[in-house]
Amino acid sequence: MNPSNQPHGAWNSSEKSGMLQPTQPPPAYAYQDIPAGYPQSFPSQPAPQGPFAQGPYPGQSVVTVQPTVFVTAAPLANPLPDYLCYSIFTMVCCCLPLGIAALVFSCSTRNANYSGQQALAEKNSKTARTLNHVALVVGLVGTVLVIVLEVVVIKNR
């Protein structure tokens with residue numbers, strides 16, 4: 001490689017080789033200064049016994065690792081009704097906005113039943129049922145009103 005072809009400020013190999021040589025050794029470890037939050041070393045602690053036991057190296061502390069515990073919620077034994085079919089019916093046939101809200105609460109009830117949350121399932125189930133009843137009443141009243149108004153308008157012509 002021709003040094004005249006290198007851009008201005010480029011390093012040459014003699015500068016690079018000087019960087020690879022350490023100027024001073026790294027600092028020694030201080031076993032006496034244990035930072036806060038780290039356990040102290042107990043060299044008097046007995047090492048595990050047995051044919052395949054590997055004890056700690058001299059001056060090294062023994063660390064016991066606790067097993068991991070996973071807590072999972074089981075589905076409810078007696079799931080609450082989610083009124084999903086009722087919600088779909090009221091959404092399609094009676095009152096779309098209340099039916100959509102009832103459908104959302106029905107799905108939330110199903111999720112709470114699956115994750116084992118009894119109180120949330122009860123609350124969402126009651127809300128879905130109430131919204132479905134209200135949507136059914138609104139749909140029936142609206143249908144009756146439309147029929148009555150059509151009959152009155154037709155008779156007056």
# chains A, B, ... in the order shown; residues from 1 in each chain; ligands from 1

$ select_by_dssp --residues "region 70-142 of chain A" --states "alpha helix (DSSP H)" --output "ChimeraX atom specification"
/A:84-89,96-115,118-142

$ residues_around --residues "Tyr114 (chain A)" --least-positions-apart "2" --cutoff "8 Å" --atoms "only C-alpha atoms" --output "PyMOL selection string"
chain A and resi 74-76+110-112+116-117

$ write_last_selection --atoms "all heavy atoms" --output "PDB file, in the first residue's frame"
ATOM      1  N   ALA A  74     -55.679 -20.959  36.469  1.00  0.00           N
ATOM      2  CA  ALA A  74     -56.435 -21.997  35.773  1.00  0.00           C
ATOM      3  C   ALA A  74     -57.802 -21.444  35.408  1.00  0.00           C
ATOM      4  O   ALA A  74     -58.325 -20.550  36.077  1.00  0.00           O
ATOM      5  CB  ALA A  74     -56.569 -23.211  36.674  1.00  0.00           C
ATOM      6  N   PRO A  75     -58.410 -21.949  34.347  1.00  0.00           N
ATOM      7  CA  PRO A  75     -59.768 -21.517  34.015  1.00  0.00           C
ATOM      8  C   PRO A  75     -60.728 -21.837  35.150  1.00  0.00           C
ATOM      9  O   PRO A  75     -60.513 -22.758  35.938  1.00  0.00           O
ATOM     10  CB  PRO A  75     -60.104 -22.333  32.767  1.00  0.00           C
ATOM     11  CG  PRO A  75     -58.790 -22.751  32.202  1.00  0.00           C
ATOM     12  CD  PRO A  75     -57.860 -22.863  33.377  1.00  0.00           C
ATOM     13  N   LEU A  76     -61.796 -21.066  35.245  1.00  0.00           N
ATOM     14  CA  LEU A  76     -62.771 -21.276  36.314  1.00  0.00           C
ATOM     15  C   LEU A  76     -63.429 -22.639  36.166  1.00  0.00           C
ATOM     16  O   LEU A  76     -63.714 -23.095  35.058  1.00  0.00           O
ATOM     17  CB  LEU A  76     -63.836 -20.176  36.267  1.00  0.00           C
ATOM     18  CG  LEU A  76     -63.367 -18.754  36.570  1.00  0.00           C
ATOM     19  CD1 LEU A  76     -64.516 -17.779  36.399  1.00  0.00           C
ATOM     20  CD2 LEU A  76     -62.817 -18.666  37.975  1.00  0.00           C
ATOM     21  N   ARG A 110     -65.578 -13.966  28.552  1.00  0.00           N
ATOM     22  CA  ARG A 110     -64.952 -15.220  28.126  1.00  0.00           C
ATOM     23  C   ARG A 110     -63.471 -15.228  28.501  1.00  0.00           C
ATOM     24  O   ARG A 110     -62.945 -16.236  28.990  1.00  0.00           O
ATOM     25  CB  ARG A 110     -65.133 -15.389  26.622  1.00  0.00           C
ATOM     26  CG  ARG A 110     -64.592 -16.698  26.103  1.00  0.00           C
ATOM     27  CD  ARG A 110     -65.005 -16.910  24.695  1.00  0.00           C
ATOM     28  NE  ARG A 110     -66.381 -17.389  24.698  1.00  0.00           N
ATOM     29  CZ  ARG A 110     -66.953 -18.006  23.683  1.00  0.00           C
ATOM     30  NH1 ARG A 110     -66.281 -18.193  22.581  1.00  0.00           N
ATOM     31  NH2 ARG A 110     -68.190 -18.430  23.775  1.00  0.00           N
ATOM     32  N   ASN A 111     -62.776 -14.113  28.289  1.00  0.00           N
ATOM     33  CA  ASN A 111     -61.353 -14.029  28.655  1.00  0.00           C
ATOM     34  C   ASN A 111     -61.159 -14.146  30.159  1.00  0.00           C
ATOM     35  O   ASN A 111     -60.216 -14.788  30.630  1.00  0.00           O
ATOM     36  CB  ASN A 111     -60.748 -12.727  28.153  1.00  0.00           C
ATOM     37  CG  ASN A 111     -60.620 -12.684  26.652  1.00  0.00           C
ATOM     38  OD1 ASN A 111     -60.624 -13.722  25.997  1.00  0.00           O
ATOM     39  ND2 ASN A 111     -60.518 -11.490  26.096  1.00  0.00           N
ATOM     40  N   ALA A 112     -62.027 -13.506  30.941  1.00  0.00           N
ATOM     41  CA  ALA A 112     -61.906 -13.579  32.406  1.00  0.00           C
ATOM     42  C   ALA A 112     -62.187 -14.997  32.894  1.00  0.00           C
ATOM     43  O   ALA A 112     -61.538 -15.472  33.832  1.00  0.00           O
ATOM     44  CB  ALA A 112     -62.862 -12.590  33.059  1.00  0.00           C
ATOM     45  N   GLY A 116     -59.315 -17.253  34.892  1.00  0.00           N
ATOM     46  CA  GLY A 116     -59.598 -17.549  36.294  1.00  0.00           C
ATOM     47  C   GLY A 116     -59.924 -16.344  37.141  1.00  0.00           C
ATOM     48  O   GLY A 116     -59.805 -16.393  38.359  1.00  0.00           O
ATOM     49  N   GLN A 117     -60.365 -15.249  36.544  1.00  0.00           N
ATOM     50  CA  GLN A 117     -60.696 -14.032  37.291  1.00  0.00           C
ATOM     51  C   GLN A 117     -62.210 -13.986  37.524  1.00  0.00           C
ATOM     52  O   GLN A 117     -62.964 -13.469  36.702  1.00  0.00           O
ATOM     53  CB  GLN A 117     -60.221 -12.799  36.525  1.00  0.00           C
ATOM     54  CG  GLN A 117     -58.731 -12.769  36.344  1.00  0.00           C
ATOM     55  CD  GLN A 117     -58.284 -11.624  35.452  1.00  0.00           C
ATOM     56  OE1 GLN A 117     -59.085 -11.027  34.756  1.00  0.00           O
ATOM     57  NE2 GLN A 117     -57.000 -11.326  35.493  1.00  0.00           N
TER      58      GLN A 117
END

$ atom_distance --atom1 "CA of Val141 (chain A)" --atom2 "CA of Leu80 (chain A)"
29.3 Å

$ closest_residue --among "A:Cys85, A:Val153, A:Val144, A:Gly99" --to "Leu131 (chain A)" --atoms "only C-alpha atoms"
A:Gly99
